[in-house]
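Visitor: Just upload.cif, nothing more (mmCIF, C-alpha atoms; chains and numbers go by the auth columns):
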```
data_data
loop_
_atom_site.group_PDB
_atom_site.id
_atom_site.type_symbol
_atom_site.label_atom_id
_atom_site.label_comp_id
_atom_site.label_asym_id
_atom_site.label_seq_id
_atom_site.Cartn_x
_atom_site.Cartn_y
_atom_site.Cartn_z
_atom_site.B_iso_or_equiv
_atom_site.auth_seq_id
_atom_site.auth_asym_id
ATOM 1 C CA VAL A 1 0.000 0.000 0.000 0.00 1 A
ATOM 2 C CA LEU A 2 2.865 2.322 0.861 0.00 2 A
ATOM 3 C CA PHE A 3 4.553 1.736 -2.506 0.00 3 A
ATOM 4 C CA ALA A 4 1.300 1.964 -4.452 0.00 4 A
ATOM 5 C CA LEU A 5 -0.478 4.997 -3.004 0.00 5 A
ATOM 6 C CA GLY A 6 2.317 7.250 -1.794 0.00 6 A
ATOM 7 C CA LEU A 7 0.749 7.910 1.583 0.00 7 A
ATOM 8 C CA ARG A 8 2.660 9.649 4.330 0.00 8 A
ATOM 9 C CA SER A 9 3.622 7.389 7.241 0.00 9 A
ATOM 10 C CA GLY A 10 1.073 8.985 9.578 0.00 10 A
ATOM 11 C CA GLU A 11 -1.669 8.718 6.964 0.00 11 A
ATOM 12 C CA LEU A 12 -1.012 5.015 6.426 0.00 12 A
ATOM 13 C CA ARG A 13 -0.888 4.286 10.149 0.00 13 A
ATOM 14 C CA GLY A 14 -3.990 6.390 10.771 0.00 14 A
ATOM 15 C CA LEU A 15 -6.197 4.557 8.275 0.00 15 A
ATOM 16 C CA ARG A 16 -9.377 3.317 9.909 0.00 16 A
ATOM 17 C CA TRP A 17 -11.926 0.887 8.584 0.00 17 A
ATOM 18 C CA GLN A 18 -14.403 3.742 8.241 0.00 18 A
ATOM 19 C CA ASN A 19 -12.021 5.242 5.626 0.00 19 A
ATOM 20 C CA TYR A 20 -12.386 2.213 3.364 0.00 20 A
ATOM 21 C CA ASP A 21 -15.307 1.858 0.965 0.00 21 A
ATOM 22 C CA ALA A 22 -15.251 -1.688 -0.414 0.00 22 A
ATOM 23 C CA VAL A 23 -18.095 -1.066 -2.871 0.00 23 A
ATOM 24 C CA ALA A 24 -16.492 2.026 -4.427 0.00 24 A
ATOM 25 C CA ALA A 25 -12.943 0.645 -3.928 0.00 25 A
ATOM 26 C CA THR A 26 -11.752 3.884 -2.345 0.00 26 A
ATOM 27 C CA LEU A 27 -9.789 5.061 0.672 0.00 27 A
ATOM 28 C CA HIS A 28 -10.626 8.403 2.239 0.00 28 A
ATOM 29 C CA ILE A 29 -7.524 9.994 3.741 0.00 29 A
ATOM 30 C CA ASP A 30 -8.634 12.451 6.423 0.00 30 A
ATOM 31 C CA LYS A 31 -6.551 11.765 9.541 0.00 31 A
ATOM 32 C CA GLN A 32 -3.016 10.885 10.544 0.00 32 A
ATOM 33 C CA ALA A 33 -1.355 9.062 13.399 0.00 33 A
ATOM 34 C CA ILE A 34 1.067 11.393 15.135 0.00 34 A
ATOM 35 C CA LEU A 35 2.772 11.835 18.459 0.00 35 A
ATOM 36 C CA ILE A 36 1.703 14.970 20.336 0.00 36 A
ATOM 37 C CA GLU A 37 3.116 15.717 23.775 0.00 37 A
ATOM 38 C CA GLY A 38 4.341 12.147 24.041 0.00 38 A
ATOM 39 C CA LYS A 39 0.960 10.613 23.221 0.00 39 A
ATOM 40 C CA LEU A 40 0.245 8.751 19.970 0.00 40 A
ATOM 41 C CA GLY A 41 -3.170 9.575 18.559 0.00 41 A
ATOM 42 C CA ILE A 42 -5.306 10.259 15.523 0.00 42 A
ATOM 43 C CA HIS A 43 -5.346 13.890 14.442 0.00 43 A
ATOM 44 C CA ASP A 44 -6.460 16.028 11.522 0.00 44 A
ATOM 45 C CA LEU A 45 -4.140 16.396 8.561 0.00 45 A
ATOM 46 C CA LYS A 46 -1.991 19.514 8.339 0.00 46 A
ATOM 47 C CA THR A 47 -3.838 21.112 5.406 0.00 47 A
ATOM 48 C CA ALA A 48 -7.261 20.868 3.793 0.00 48 A
ATOM 49 C CA GLN A 49 -5.569 19.810 0.537 0.00 49 A
ATOM 50 C CA SER A 50 -4.212 16.723 2.286 0.00 50 A
ATOM 51 C CA VAL A 51 -7.754 15.386 2.713 0.00 51 A
ATOM 52 C CA ARG A 52 -8.486 13.235 -0.304 0.00 52 A
ATOM 53 C CA THR A 53 -10.174 10.095 -1.568 0.00 53 A
ATOM 54 C CA LEU A 54 -8.087 7.659 -3.578 0.00 54 A
ATOM 55 C CA THR A 55 -9.433 5.047 -5.976 0.00 55 A
ATOM 56 C CA LEU A 56 -7.878 1.635 -5.410 0.00 56 A
ATOM 57 C CA ASP A 57 -6.897 -0.989 -7.927 0.00 57 A
ATOM 58 C CA LYS A 58 -7.753 -4.649 -7.352 0.00 58 A
ATOM 59 C CA ASP A 59 -4.338 -5.465 -5.843 0.00 59 A
ATOM 60 C CA ILE A 60 -4.695 -2.813 -3.140 0.00 60 A
ATOM 61 C CA VAL A 61 -8.264 -3.917 -2.455 0.00 61 A
ATOM 62 C CA GLU A 62 -6.950 -7.462 -1.984 0.00 62 A
ATOM 63 C CA VAL A 63 -4.337 -6.307 0.526 0.00 63 A
ATOM 64 C CA ILE A 64 -6.915 -4.353 2.523 0.00 64 A
ATOM 65 C CA GLU A 65 -9.403 -7.211 2.431 0.00 65 A
ATOM 66 C CA GLU A 66 -6.697 -9.592 3.666 0.00 66 A
ATOM 67 C CA GLN A 67 -6.121 -7.222 6.571 0.00 67 A
ATOM 68 C CA GLN A 68 -9.829 -7.290 7.294 0.00 68 A
ATOM 69 C CA LEU A 69 -9.885 -11.090 7.296 0.00 69 A
ATOM 70 C CA LYS A 70 -7.039 -11.142 9.825 0.00 70 A
ATOM 71 C CA GLY A 71 -9.307 -9.286 12.244 0.00 71 A
ATOM 72 C CA LEU A 72 -6.385 -7.566 13.965 0.00 72 A
ATOM 73 C CA SER A 73 -8.347 -4.432 14.829 0.00 73 A
ATOM 74 C CA PRO A 74 -11.945 -3.276 14.641 0.00 74 A
ATOM 75 C CA ILE A 75 -10.666 0.296 14.195 0.00 75 A
ATOM 76 C CA TYR A 76 -7.361 0.429 12.290 0.00 76 A
ATOM 77 C CA ILE A 77 -6.544 -1.081 8.919 0.00 77 A
ATOM 78 C CA PHE A 78 -2.831 -1.377 9.704 0.00 78 A
ATOM 79 C CA PRO A 79 -2.516 -1.712 13.486 0.00 79 A
ATOM 80 C CA ASN A 80 0.471 -2.934 15.447 0.00 80 A
ATOM 81 C CA LYS A 81 0.613 -6.565 16.657 0.00 81 A
ATOM 82 C CA LYS A 82 -1.608 -5.682 19.628 0.00 82 A
ATOM 83 C CA GLY A 83 -4.335 -4.320 17.338 0.00 83 A
ATOM 84 C CA VAL A 84 -3.864 -0.682 18.315 0.00 84 A
ATOM 85 C CA LEU A 85 -2.456 2.379 16.589 0.00 85 A
ATOM 86 C CA MET A 86 0.989 1.675 15.127 0.00 86 A
ATOM 87 C CA SER A 87 3.881 4.008 15.946 0.00 87 A
ATOM 88 C CA LYS A 88 6.213 5.252 13.218 0.00 88 A
ATOM 89 C CA HIS A 89 9.031 3.265 14.839 0.00 89 A
ATOM 90 C CA VAL A 90 7.069 0.016 14.560 0.00 90 A
ATOM 91 C CA LEU A 91 6.332 0.756 10.888 0.00 91 A
ATOM 92 C CA SER A 92 10.010 1.452 10.177 0.00 92 A
ATOM 93 C CA SER A 93 11.073 -1.670 12.059 0.00 93 A
ATOM 94 C CA THR A 94 8.537 -3.791 10.174 0.00 94 A
ATOM 95 C CA ILE A 95 9.797 -2.437 6.848 0.00 95 A
ATOM 96 C CA ASN A 96 13.405 -3.107 7.874 0.00 96 A
ATOM 97 C CA ASP A 97 12.550 -6.681 8.850 0.00 97 A
ATOM 98 C CA LEU A 98 10.846 -7.249 5.482 0.00 98 A
ATOM 99 C CA CYS A 99 13.808 -5.809 3.597 0.00 99 A
ATOM 100 C CA GLN A 100 16.177 -8.081 5.463 0.00 100 A
ATOM 101 C CA GLU A 101 13.932 -11.090 4.858 0.00 101 A
ATOM 102 C CA VAL A 102 13.835 -10.577 1.087 0.00 102 A
ATOM 103 C CA GLU A 103 17.422 -9.319 0.979 0.00 103 A
ATOM 104 C CA ILE A 104 16.861 -5.874 -0.481 0.00 104 A
ATOM 105 C CA ARG A 105 18.220 -2.479 0.490 0.00 105 A
ATOM 106 C CA ARG A 106 16.602 -0.942 3.570 0.00 106 A
ATOM 107 C CA PHE A 107 14.182 1.907 2.956 0.00 107 A
ATOM 108 C CA THR A 108 12.047 4.273 4.993 0.00 108 A
ATOM 109 C CA PRO A 109 8.317 4.981 4.774 0.00 109 A
ATOM 110 C CA LYS A 110 9.277 8.292 3.116 0.00 110 A
ATOM 111 C CA ASP A 111 11.188 6.308 0.480 0.00 111 A
ATOM 112 C CA GLY A 112 7.987 4.352 -0.190 0.00 112 A
ATOM 113 C CA ARG A 113 6.021 7.568 -0.672 0.00 113 A
ATOM 114 C CA ASN A 114 8.672 9.005 -2.995 0.00 114 A
ATOM 115 C CA PHE A 115 8.816 5.773 -4.998 0.00 115 A
ATOM 116 C CA ALA A 116 5.040 5.695 -5.499 0.00 116 A
ATOM 117 C CA LEU A 117 4.735 9.329 -6.533 0.00 117 A
ATOM 118 C CA THR A 118 7.762 9.171 -8.841 0.00 118 A
ATOM 119 C CA ARG A 119 6.349 6.015 -10.440 0.00 119 A
ATOM 120 C CA LEU A 120 3.060 7.823 -11.106 0.00 120 A
ATOM 121 C CA ALA A 121 4.910 10.823 -12.561 0.00 121 A
ATOM 122 C CA ARG A 122 6.909 8.536 -14.856 0.00 122 A
ATOM 123 C CA ALA A 123 3.670 6.928 -15.959 0.00 123 A
ATOM 124 C CA GLY A 124 2.702 10.346 -17.324 0.00 124 A
ATOM 125 C CA LEU A 125 0.377 11.621 -14.595 0.00 125 A
ATOM 126 C CA ASP A 126 0.166 15.408 -14.779 0.00 126 A
ATOM 127 C CA ALA A 127 1.298 17.562 -11.835 0.00 127 A
ATOM 128 C CA ALA A 128 -2.220 18.644 -10.845 0.00 128 A
ATOM 129 C CA ARG A 129 -3.524 15.076 -10.528 0.00 129 A
ATOM 130 C CA LEU A 130 -0.328 13.942 -8.824 0.00 130 A
ATOM 131 C CA ALA A 131 -0.646 16.815 -6.318 0.00 131 A
ATOM 132 C CA ARG A 132 -4.192 15.671 -5.448 0.00 132 A
ATOM 133 C CA ILE A 133 -3.019 12.083 -4.944 0.00 133 A
ATOM 134 C CA ALA A 134 -0.050 13.229 -2.838 0.00 134 A
ATOM 135 C CA GLY A 135 -2.151 15.634 -0.783 0.00 135 A
ATOM 136 C CA HIS A 136 0.165 18.539 -1.571 0.00 136 A
ATOM 137 C CA SER A 137 -1.108 22.041 -0.904 0.00 137 A
ATOM 138 C CA SER A 138 0.665 23.347 -4.011 0.00 138 A
ATOM 139 C CA VAL A 139 1.044 21.915 -7.498 0.00 139 A
ATOM 140 C CA LEU A 140 4.399 23.669 -7.613 0.00 140 A
ATOM 141 C CA THR A 141 5.650 21.461 -4.760 0.00 141 A
ATOM 142 C CA THR A 142 4.652 18.395 -6.753 0.00 142 A
ATOM 143 C CA TYR A 143 6.185 19.751 -9.924 0.00 143 A
ATOM 144 C CA LYS A 144 9.526 20.548 -8.282 0.00 144 A
ATOM 145 C CA LYS A 145 9.805 17.251 -6.451 0.00 145 A
ATOM 146 C CA TYR A 146 8.333 14.665 -8.814 0.00 146 A
ATOM 147 C CA ILE A 147 7.773 16.099 -12.300 0.00 147 A
ATOM 148 C CA LYS A 148 10.782 18.371 -12.788 0.00 148 A
ATOM 149 C CA VAL A 149 13.172 15.448 -12.270 0.00 149 A
ATOM 150 C CA LEU A 150 11.685 13.891 -15.397 0.00 150 A
ATOM 151 C CA LYS A 151 12.151 17.033 -17.496 0.00 151 A
ATOM 152 C CA GLY A 152 14.188 16.386 -20.591 0.00 152 A
ATOM 153 C CA SER A 153 12.589 13.023 -21.179 0.00 153 A
ATOM 154 C CA LYS A 154 10.822 12.965 -24.540 0.00 154 A
ATOM 155 C CA LYS A 155 7.896 11.244 -22.891 0.00 155 A
ATOM 156 C CA TYR A 156 7.288 14.000 -20.296 0.00 156 A
ATOM 157 C CA PRO A 157 7.848 17.476 -21.762 0.00 157 A
ATOM 158 C CA LEU A 158 5.954 19.254 -18.949 0.00 158 A
ATOM 159 C CA THR A 159 6.952 22.855 -18.171 0.00 159 A
ATOM 160 C CA LEU A 160 5.655 25.494 -15.766 0.00 160 A
ATOM 161 C CA LYS A 161 3.691 26.976 -18.701 0.00 161 A
ATOM 162 C CA ASP A 162 1.838 23.644 -18.953 0.00 162 A
ATOM 163 C CA LEU A 163 0.892 23.901 -15.249 0.00 163 A
ATOM 164 C CA ASN A 164 -0.744 27.284 -15.821 0.00 164 A
ATOM 165 C CA LYS A 165 -2.868 25.880 -18.665 0.00 165 A
ATOM 166 C CA GLY A 166 -4.779 23.490 -16.485 0.00 166 A
#
```
What would the structure in this file look like if it were written as structure tokens?
Guide:
Amino acid sequence: VLFALGLRSGELRGLRWQNYDAVAATLHIDKQAILIEGKLGIHDLKTAQSVRTLTLDKDIVEVIEEQQLKGLSPIYIFPNKKGVLMSKHVLSSTINDLCQEVEIRRFTPKDGRNFALTRLARAGLDAARLARIAGHSSVLTTYKKYIKVLKGSKKYPLTLKDLNKG
């Protein structure tokens, strides 16, 4: 899910079953798991633009439905082993364990987000749509970070002029 949707760590960890619509195959991203004053909890996202609904492909639906069948938590889609809200350290540790198990280079949740969004940009997604998926407050942020790196490729001749057109 991390590599497919490009969610922030807190967004992934804060996903609740009420955010998932199995019929529409969507995930509504409206909260995040963060530590405030030493207490892990569910809080609003930083900006209104970060609130979004993402359409899921069948592979992501399968992963989420497998989580549901496990019955680990009645609240959270991706809880820790005790069925409660997962900390960012547990997520990082879980990723590290998986990397070691399959013998690949270690990566962070942020690396997963960057991979997903770069993959979408390389697939030809325009900056405005990519910004909505990423939950960025500015298309310019998306352009600078994910689209501009592809500039010069014949397949993606996007410029700032193109952003102003729509």
Visitor: Would you mind reading off the distance between CA of Ser92 in chain A and CA of Ser73 in chain A, one decimal, in Å?
Guide: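 So the answer is 19.8 Å.
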Visitor: Which one of A:Ile95, A:Leu56, A:Leu45, A:Glu37 sits closest to Gly112 in chain A if you count all atoms listed in the file?
Guide: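 Distance minimum relative to Gly112 in chain A lands on A:Ile95.
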Visitor: Where does the PyMOL selection byres ((chain A and resi 133-146) around 7) land in this file, that is, which residues does it pick, as a PDB file with C-alpha atoms, keeping the file's coordinate frame?
Guide:
```
ATOM      1  CA  GLY A   6       2.317   7.250  -1.794  1.00  0.00           C
ATOM      2  CA  LEU A   7       0.749   7.910   1.583  1.00  0.00           C
ATOM      3  CA  THR A  47      -3.838  21.112   5.406  1.00  0.00           C
ATOM      4  CA  GLN A  49      -5.569  19.810   0.537  1.00  0.00           C
ATOM      5  CA  SER A  50      -4.212  16.723   2.286  1.00  0.00           C
ATOM      6  CA  VAL A  51      -7.754  15.386   2.713  1.00  0.00           C
ATOM      7  CA  ARG A  52      -8.486  13.235  -0.304  1.00  0.00           C
ATOM      8  CA  LEU A  54      -8.087   7.659  -3.578  1.00  0.00           C
ATOM      9  CA  LEU A 117       4.735   9.329  -6.533  1.00  0.00           C
ATOM     10  CA  THR A 118       7.762   9.171  -8.841  1.00  0.00           C
ATOM     11  CA  ALA A 121       4.910  10.823 -12.561  1.00  0.00           C
ATOM     12  CA  ALA A 127       1.298  17.562 -11.835  1.00  0.00           C
ATOM     13  CA  ALA A 128      -2.220  18.644 -10.845  1.00  0.00           C
ATOM     14  CA  ARG A 129      -3.524  15.076 -10.528  1.00  0.00           C
ATOM     15  CA  LEU A 130      -0.328  13.942  -8.824  1.00  0.00           C
ATOM     16  CA  ALA A 131      -0.646  16.815  -6.318  1.00  0.00           C
ATOM     17  CA  ARG A 132      -4.192  15.671  -5.448  1.00  0.00           C
ATOM     18  CA  ILE A 147       7.773  16.099 -12.300  1.00  0.00           C
ATOM     19  CA  LYS A 148      10.782  18.371 -12.788  1.00  0.00           C
ATOM     20  CA  VAL A 149      13.172  15.448 -12.270  1.00  0.00           C
TER      21      VAL A 149
END
```
Visitor: Do a neighbour search on Leu2 in chain A at 10 Å with only C-alpha atoms, toss out local chain neighbours closer than 2 positions, and write the hits as an MDAnalysis selection string.
Guide: chainID A and resid 4:9 11:12 60 109:116
Visitor: Report, in Å to a single decimal, how far apart CA of Arg16 in chain A and CA of Ile75 in chain A are.
Guide: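 If I compute the distance from CA of Ile75 in chain A to CA of Arg16 in chain A, I get 5.4 Å.
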